[in-house]
>>> print(open('my_file03.txt').read())   # compact mmCIF, C-alpha atoms
# COMPACT_ATOMS: atom_id res chain seq x y z
CA MET A 1 96.37 72.86 105.95
CA LYS A 2 99.38 73.83 108.03
CA ALA A 3 99.60 77.51 107.04
CA PHE A 4 97.43 80.24 105.50
CA ILE A 5 98.82 82.89 103.15
CA PHE A 6 97.00 86.11 102.28
CA ASP A 7 97.32 88.32 99.27
CA MET A 8 96.71 91.92 100.38
CA ASP A 9 95.24 94.24 97.74
CA GLY A 10 91.62 93.33 97.09
CA VAL A 11 91.71 90.74 99.88
CA ILE A 12 92.70 92.43 103.15
CA ILE A 13 92.03 95.95 101.90
CA ASP A 14 89.67 96.92 99.10
CA SER A 15 92.43 98.98 97.52
CA GLU A 16 92.08 98.12 93.86
CA PRO A 17 89.93 101.24 93.20
CA LEU A 18 92.74 103.30 94.75
CA HIS A 19 95.33 101.56 92.57
CA PHE A 20 93.24 102.03 89.41
CA ASP A 21 92.59 105.70 90.21
CA VAL A 22 96.23 106.53 90.96
CA ASP A 23 97.57 104.52 88.04
CA MET A 24 95.22 106.32 85.66
CA GLU A 25 96.24 109.63 87.26
CA THR A 26 99.91 108.67 86.88
CA MET A 27 99.40 107.94 83.19
CA GLU A 28 97.67 111.32 82.77
CA HIS A 29 100.59 112.96 84.59
CA LEU A 30 102.85 111.31 82.00
CA GLY A 31 100.67 112.59 79.15
CA PHE A 32 98.68 109.46 78.32
CA LYS A 33 95.09 108.33 78.79
CA VAL A 34 94.30 104.80 79.96
CA THR A 35 91.06 103.27 81.21
CA GLN A 36 90.55 100.90 84.13
CA ASN A 37 89.82 98.17 81.61
CA GLY A 38 93.26 98.74 80.13
CA LEU A 39 94.86 98.20 83.54
CA GLU A 40 92.94 95.12 84.73
CA LYS A 41 95.39 92.67 83.16
CA TYR A 42 98.12 94.02 85.44
CA VAL A 43 96.25 93.37 88.71
CA GLY A 44 98.42 91.26 90.99
CA MET A 45 101.70 92.24 89.34
CA THR A 46 104.49 94.22 91.00
CA ASN A 47 104.92 97.91 90.18
CA PRO A 48 108.25 97.42 88.33
CA ALA A 49 106.88 94.59 86.19
CA MET A 50 103.70 96.50 85.36
CA TRP A 51 105.43 99.78 84.50
CA ARG A 52 108.10 98.08 82.39
CA LEU A 53 105.33 96.69 80.18
CA ILE A 54 103.28 99.92 80.10
CA ARG A 55 106.37 102.04 79.42
CA VAL A 56 107.17 100.01 76.30
CA GLU A 57 103.55 99.85 75.16
CA TYR A 58 103.08 103.64 75.31
CA GLY A 59 106.62 104.76 74.57
CA ILE A 60 106.94 106.61 77.88
CA LYS A 61 110.24 108.47 78.18
CA GLN A 62 110.42 108.58 82.00
CA THR A 63 112.24 105.71 83.72
CA VAL A 64 110.38 103.04 85.66
CA GLU A 65 111.95 104.44 88.84
CA GLU A 66 110.68 107.96 88.10
CA ILE A 67 107.18 106.69 87.36
CA ILE A 68 107.02 104.61 90.56
CA SER A 69 108.34 107.49 92.67
CA TYR A 70 105.35 109.62 91.66
CA GLN A 71 102.84 106.76 91.75
CA LEU A 72 103.83 105.37 95.15
CA ARG A 73 103.82 108.80 96.81
CA ARG A 74 100.29 109.39 95.53
CA LYS A 75 99.11 105.94 96.63
CA ILE A 76 100.29 106.43 100.19
CA GLU A 77 98.65 109.88 100.26
CA GLU A 78 95.38 108.36 99.06
CA LEU A 79 95.64 105.44 101.50
CA HIS A 80 95.62 107.90 104.40
CA ALA A 81 93.10 110.28 102.84
CA ARG A 82 90.43 107.65 102.17
CA ASP A 83 88.25 105.95 104.77
CA PHE A 84 89.56 102.39 104.53
CA ALA A 85 88.75 99.47 106.82
CA PRO A 86 89.70 95.79 106.50
CA MET A 87 87.58 93.81 104.06
CA GLU A 88 84.43 92.49 105.72
CA GLY A 89 85.22 89.17 107.41
CA ILE A 90 89.01 89.52 107.35
CA GLU A 91 89.46 90.32 111.04
CA SER A 92 87.27 87.35 112.01
CA LEU A 93 89.22 85.07 109.67
CA LEU A 94 92.55 86.21 111.10
CA ALA A 95 91.28 85.66 114.64
CA GLU A 96 90.01 82.16 113.78
CA LEU A 97 93.31 81.16 112.16
CA LYS A 98 95.19 82.43 115.21
CA LEU A 99 92.83 80.49 117.49
CA ARG A 100 93.74 77.35 115.52
CA ASN A 101 97.46 78.12 115.99
CA LEU A 102 98.01 78.21 112.24
CA PRO A 103 100.96 80.30 111.01
CA ILE A 104 99.86 83.17 108.79
CA ALA A 105 101.82 84.94 106.06
CA LEU A 106 101.17 87.83 103.71
CA ALA A 107 102.50 87.65 100.16
CA SER A 108 101.71 90.82 98.22
CA SER A 109 102.90 92.36 94.97
CA SER A 110 102.81 95.79 96.59
CA PRO A 111 106.03 97.47 97.74
CA ARG A 112 106.91 96.74 101.37
CA ILE A 113 106.38 100.38 102.33
CA PHE A 114 102.75 100.22 101.12
CA ILE A 115 102.19 96.84 102.82
CA GLU A 116 103.48 98.20 106.12
CA GLU A 117 101.32 101.33 105.84
CA VAL A 118 98.21 99.18 105.33
CA LEU A 119 98.99 96.84 108.24
CA ARG A 120 99.76 99.82 110.48
CA LYS A 121 96.52 101.56 109.47
CA PHE A 122 94.50 98.45 110.38
CA ASP A 123 96.67 97.45 113.38
CA ILE A 124 96.89 93.82 112.21
CA ALA A 125 100.62 93.35 111.62
CA ASP A 126 100.99 91.08 114.66
CA TYR A 127 98.91 88.36 113.01
CA PHE A 128 101.57 87.70 110.37
CA ALA A 129 104.58 85.50 111.04
CA SER A 130 105.95 86.34 107.59
CA ILE A 131 105.50 89.27 105.20
CA VAL A 132 106.91 89.09 101.67
CA SER A 133 106.71 91.70 98.92
CA GLY A 134 106.83 90.56 95.31
CA GLU A 135 109.57 93.15 94.83
CA GLU A 136 111.81 91.16 97.21
CA VAL A 137 111.89 87.95 95.15
CA PRO A 138 113.36 87.26 91.68
CA SER A 139 109.99 87.34 89.87
CA GLY A 140 106.62 88.70 90.90
CA LYS A 141 103.20 87.15 90.33
CA PRO A 142 102.18 85.27 88.18
CA ALA A 143 105.52 83.58 88.98
CA PRO A 144 105.30 81.53 92.21
CA ASP A 145 108.35 83.09 93.91
CA VAL A 146 106.55 85.25 96.47
CA TYR A 147 104.45 82.32 97.69
CA LEU A 148 107.38 79.92 97.79
CA GLU A 149 109.36 82.45 99.84
CA ALA A 150 106.46 82.89 102.28
CA ALA A 151 106.22 79.11 102.79
CA LEU A 152 109.99 78.92 103.27
CA GLN A 153 109.88 81.63 105.92
CA LEU A 154 107.03 79.85 107.69
CA GLY A 155 108.88 76.54 107.53
CA VAL A 156 105.92 74.83 105.87
CA SER A 157 105.75 72.77 102.68
CA PRO A 158 103.99 74.60 99.83
CA ALA A 159 101.59 71.65 99.51
CA ASP A 160 100.39 72.34 103.06
CA CYS A 161 99.60 76.02 102.41
CA VAL A 162 96.28 77.58 101.45
CA VAL A 163 96.28 80.96 99.68
CA LEU A 164 93.55 83.61 99.49
CA GLU A 165 93.69 85.56 96.20
CA ASP A 166 91.48 87.88 94.17
CA SER A 167 93.42 88.17 90.89
CA ARG A 168 94.19 85.94 87.93
CA ASN A 169 97.93 86.57 88.31
CA GLY A 170 97.78 85.74 92.01
CA VAL A 171 95.84 82.51 91.54
CA ILE A 172 98.31 81.37 88.88
CA ALA A 173 101.20 82.16 91.24
CA ALA A 174 99.66 80.16 94.08
CA LYS A 175 98.92 77.15 91.88
CA GLU A 176 102.37 77.25 90.27
CA ALA A 177 103.79 77.19 93.81
CA GLY A 178 101.94 73.92 94.41
CA MET A 179 99.50 75.41 96.89
CA ARG A 180 95.75 75.20 97.20
CA CYS A 181 94.04 78.47 96.45
CA ILE A 182 90.79 80.21 97.34
CA GLY A 183 89.68 82.67 94.69
CA TYR A 184 87.81 85.62 96.19
CA ILE A 185 85.53 87.46 93.77
CA ASN A 186 86.06 91.16 94.46
CA ILE A 187 84.02 93.18 91.99
CA HIS A 188 86.39 96.13 92.47
CA SER A 189 89.32 94.08 91.18
CA GLY A 190 87.93 94.06 87.67
CA ASP A 191 87.22 91.11 85.43
CA GLN A 192 89.53 88.47 86.92
CA ASP A 193 89.71 84.85 85.76
CA LEU A 194 89.85 82.80 88.98
CA SER A 195 89.05 79.49 87.32
CA ARG A 196 92.29 77.80 88.44
CA ALA A 197 91.41 78.30 92.10
CA ASP A 198 90.37 75.25 94.15
CA TRP A 199 87.47 77.17 95.68
CA ILE A 200 85.78 80.38 94.64
CA VAL A 201 83.90 82.53 97.17
CA LYS A 202 81.97 85.79 96.97
CA ALA A 203 82.44 86.65 100.65
CA ILE A 204 85.28 86.11 103.12
CA LYS A 205 82.80 84.50 105.56
CA ASP A 206 82.13 81.79 102.97
CA ILE A 207 85.69 80.42 103.10
CA PRO A 208 85.30 76.71 103.95
CA LEU A 209 87.84 76.44 106.81
CA SER A 210 86.47 73.04 107.79
CA GLN A 211 87.40 71.67 104.35
CA LEU A 212 90.97 72.96 104.41
>>> encode(input="my_file03.txt", output="structure tokens")
Amino acid sequence: MKAFIFDMDGVIIDSEPLHFDVDMETMEHLGFKVTQNGLEKYVGMTNPAMWRLIRVEYGIKQTVEEIISYQLRRKIEELHARDFAPMEGIESLLAELKLRNLPIALASSSPRIFIEEVLRKFDIADYFASIVSGEEVPSGKPAPDVYLEAALQLGVSPADCVVLEDSRNGVIAAKEAGMRCIGYINIHSGDQDLSRADWIVKAIKDIPLSQL
């Protein structure tokens, strides 16, 4: 391992309940009812990709841009209103990786503005040598673009990168990028198939750094 790349939602911050709540609220605002179960397949995808699919499925008349404008404003409001802290074990993992002089990147499907709000809230932005949003590359997860861009920015071969992911779409993206992947089981991320991951852990502290 020559670099470590983090997903963010469900990995650094336990934000999937926030995303589910606001996305369901957004659908209600648009005049439709959807359950968390109906949204779980979109976990790990970018907002534009998710809303393009949902808009067609439900025949929503508002544009993707209009939907995201409402949704993103509500998510940032909820981020600051709720009592969030980094996922248990994340700060220790970041400190250990820094101690080992390993470059660290963040590759998230969230919009950059949401990523920056999370990192500012937790005061951990300085750990990351590279930050890439899935909205800044040609295709979001499950395509590998966001992870390939992170490796490029770090100057490290994809084969030498290890990724920490909690979603099916994210694990697929990491593996399609040619990287090794740790699948983190976060019960708040819904029913996610992590079977393609090289390792699967139930706690951040269980990540086998000595084997990487």
>>> closest_residue(input="my_file03.txt", among="A:Glu25, A:Asp83, A:Asp7, A:Asp191", to="Lys121 of chain A", atoms="all atoms listed in the file")
A:Asp83
>>> residues_around(input="my_file03.txt", residues="segment 47-53 of chain A", least_positions_apart="4", cutoff="10 Å", atoms="all atoms listed in the file", output="mmCIF file with C-alpha atoms, keeping the file's coordinate frame")
data_model
loop_
_atom_site.group_PDB
_atom_site.id
_atom_site.type_symbol
_atom_site.label_atom_id
_atom_site.label_comp_id
_atom_site.auth_asym_id
_atom_site.auth_seq_id
_atom_site.Cartn_x
_atom_site.Cartn_y
_atom_site.Cartn_z
ATOM 1 C CA ASP A 23 97.570 104.520 88.040
ATOM 2 C CA LEU A 39 94.860 98.200 83.540
ATOM 3 C CA LYS A 41 95.390 92.670 83.160
ATOM 4 C CA TYR A 42 98.120 94.020 85.440
ATOM 5 C CA VAL A 43 96.250 93.370 88.710
ATOM 6 C CA GLU A 57 103.550 99.850 75.160
ATOM 7 C CA TYR A 58 103.080 103.640 75.310
ATOM 8 C CA GLY A 59 106.620 104.760 74.570
ATOM 9 C CA ILE A 60 106.940 106.610 77.880
ATOM 10 C CA THR A 63 112.240 105.710 83.720
ATOM 11 C CA VAL A 64 110.380 103.040 85.660
ATOM 12 C CA GLU A 65 111.950 104.440 88.840
ATOM 13 C CA ILE A 67 107.180 106.690 87.360
ATOM 14 C CA ILE A 68 107.020 104.610 90.560
ATOM 15 C CA GLN A 71 102.840 106.760 91.750
ATOM 16 C CA LEU A 72 103.830 105.370 95.150
ATOM 17 C CA SER A 109 102.900 92.360 94.970
ATOM 18 C CA SER A 110 102.810 95.790 96.590
ATOM 19 C CA PRO A 111 106.030 97.470 97.740
ATOM 20 C CA GLY A 134 106.830 90.560 95.310
ATOM 21 C CA GLU A 135 109.570 93.150 94.830
ATOM 22 C CA SER A 139 109.990 87.340 89.870
ATOM 23 C CA GLY A 140 106.620 88.700 90.900
ATOM 24 C CA LYS A 141 103.200 87.150 90.330
#
>>> residues_near_point(input="my_file03.txt", point="(94.4, 83.0, 98.4)", cutoff="9 Å", atoms="only C-alpha atoms", output="list of chain:residue names")
A:Phe4, A:Ile5, A:Phe6, A:Asp7, A:Val11, A:Val162, A:Val163, A:Leu164, A:Glu165, A:Asp166, A:Gly170, A:Val171, A:Ala174, A:Arg180, A:Cys181, A:Ile182, A:Gly183, A:Tyr184, A:Ala197
>>> closest_residue(input="my_file03.txt", among="A:Leu148, A:Leu30, A:Val132, A:Leu79", to="Glu117 of chain A", atoms="all atoms listed in the file")
A:Leu79
>>> atom_distance(input="my_file03.txt", atom1="atom CA of Val118 of chain A", atom2="atom CA of Ser133 of chain A")
13.0 Å
>>> residues_around(input="my_file03.txt", residues="Ala129 of chain A", least_positions_apart="5", cutoff="8 Å", atoms="only C-alpha atoms", output="ChimeraX atom specification")
/A:103-105,154
>>> write_last_selection(input="my_file03.txt", atoms="C-alpha atoms", output="PDB file, in the frame of the given file")
ATOM      1  CA  PRO A 103     100.960  80.300 111.010  1.00  0.00           C
ATOM      2  CA  ILE A 104      99.860  83.170 108.790  1.00  0.00           C
ATOM      3  CA  ALA A 105     101.820  84.940 106.060  1.00  0.00           C
ATOM      4  CA  LEU A 154     107.030  79.850 107.690  1.00  0.00           C
TER       5      LEU A 154
END
>>> axis_aligned_box(input="my_file03.txt", around="segment 96-114 of chain A", padding_each_side="8 Å", output="JSON")
{"center_x": 98.5, "center_y": 88.9, "center_z": 106.2, "size_x": 32.9, "size_y": 39.0, "size_z": 38.5}
>>> residues_around(input="my_file03.txt", residues="Ile172 of chain A", least_positions_apart="2", cutoff="8 Å", atoms="only C-alpha atoms", output="list in words")
Lys141, Pro142, Ala143, Pro144, Arg168, Asn169, Gly170, Ala174, Lys175, Glu176 and Arg196 of chain A
>>> closest_residue(input="my_file03.txt", among="A:Gln153, A:Asn186, A:Thr26, A:Ser15", to="Ala3 of chain A", atoms="only C-alpha atoms")
A:Gln153
>>> closest_residue(input="my_file03.txt", among="A:Leu119, A:Leu18, A:Ile124, A:Ala151", to="Lys98 of chain A", atoms="only C-alpha atoms")
A:Ile124
>>> atom_distance(input="my_file03.txt", atom1="atom CA of His29 of chain A", atom2="atom CA of Lys75 of chain A")
14.0 Å
>>> atom_distance(input="my_file03.txt", atom1="atom CA of Ala125 of chain A", atom2="atom CA of Ala85 of chain A")
14.2 Å
>>> closest_residue(input="my_file03.txt", among="A:Met179, A:Val146, A:Gly190, A:Phe122", to="Pro158 of chain A", atoms="only C-alpha atoms")
A:Met179
>>> closest_residue(input="my_file03.txt", among="A:Lys205, A:Arg55, A:Arg73, A:Arg82", to="Pro17 of chain A", atoms="all atoms listed in the file")
A:Arg82
>>> build_atoms(input="my_file03.txt", residues="segment 107-132 of chain A", atoms="N, CA and C atoms", output="compact mmCIF listing (two decimals), keeping the file's coordinate frame")
# COMPACT_ATOMS: atom_id res chain seq x y z
N ALA A 107 101.65 87.65 101.35
CA ALA A 107 102.50 87.65 100.16
C ALA A 107 101.85 88.57 99.12
N SER A 108 102.34 89.79 99.04
CA SER A 108 101.71 90.82 98.22
C SER A 108 102.65 91.33 97.14
N SER A 109 102.09 91.74 96.02
CA SER A 109 102.90 92.36 94.97
C SER A 109 103.23 93.81 95.29
N SER A 110 102.55 94.39 96.25
CA SER A 110 102.81 95.79 96.59
C SER A 110 104.20 95.98 97.19
N PRO A 111 104.75 97.19 97.08
CA PRO A 111 106.03 97.47 97.74
C PRO A 111 105.89 97.32 99.25
N ARG A 112 106.97 96.96 99.92
CA ARG A 112 106.91 96.74 101.37
C ARG A 112 106.41 97.99 102.10
N ILE A 113 106.81 99.17 101.64
CA ILE A 113 106.38 100.38 102.33
C ILE A 113 104.86 100.52 102.31
N PHE A 114 104.21 100.14 101.20
CA PHE A 114 102.75 100.22 101.12
C PHE A 114 102.12 99.14 101.99
N ILE A 115 102.69 97.93 101.97
CA ILE A 115 102.19 96.84 102.82
C ILE A 115 102.22 97.28 104.28
N GLU A 116 103.34 97.82 104.72
CA GLU A 116 103.48 98.20 106.12
C GLU A 116 102.53 99.33 106.50
N GLU A 117 102.27 100.25 105.57
CA GLU A 117 101.32 101.33 105.84
C GLU A 117 99.91 100.78 106.03
N VAL A 118 99.54 99.79 105.21
CA VAL A 118 98.21 99.18 105.33
C VAL A 118 98.08 98.44 106.66
N LEU A 119 99.06 97.62 107.00
CA LEU A 119 98.99 96.84 108.24
C LEU A 119 98.99 97.75 109.46
N ARG A 120 99.73 98.85 109.38
CA ARG A 120 99.76 99.82 110.48
C ARG A 120 98.40 100.52 110.61
N LYS A 121 97.82 100.88 109.47
CA LYS A 121 96.52 101.56 109.47
C LYS A 121 95.45 100.69 110.13
N PHE A 122 95.51 99.38 109.86
CA PHE A 122 94.50 98.45 110.38
C PHE A 122 94.90 97.81 111.71
N ASP A 123 96.15 98.02 112.14
CA ASP A 123 96.67 97.45 113.38
C ASP A 123 96.54 95.92 113.39
N ILE A 124 97.00 95.28 112.30
CA ILE A 124 96.89 93.82 112.21
C ILE A 124 98.23 93.15 111.92
N ALA A 125 99.32 93.91 111.98
CA ALA A 125 100.62 93.35 111.62
C ALA A 125 101.01 92.15 112.48
N ASP A 126 100.58 92.15 113.74
CA ASP A 126 100.99 91.08 114.66
C ASP A 126 100.45 89.70 114.29
N TYR A 127 99.45 89.66 113.44
CA TYR A 127 98.91 88.36 113.01
C TYR A 127 99.88 87.60 112.11
N PHE A 128 100.78 88.31 111.44
CA PHE A 128 101.57 87.70 110.37
C PHE A 128 102.97 87.30 110.82
N ALA A 129 103.25 86.02 110.69
CA ALA A 129 104.58 85.50 111.04
C ALA A 129 105.58 85.79 109.93
N SER A 130 105.08 86.05 108.73
CA SER A 130 105.95 86.34 107.59
C SER A 130 105.25 87.33 106.68
N ILE A 131 106.01 88.30 106.17
CA ILE A 131 105.50 89.27 105.20
C ILE A 131 106.50 89.34 104.06
N VAL A 132 106.03 89.09 102.84
CA VAL A 132 106.91 89.09 101.67
C VAL A 132 106.31 89.99 100.59
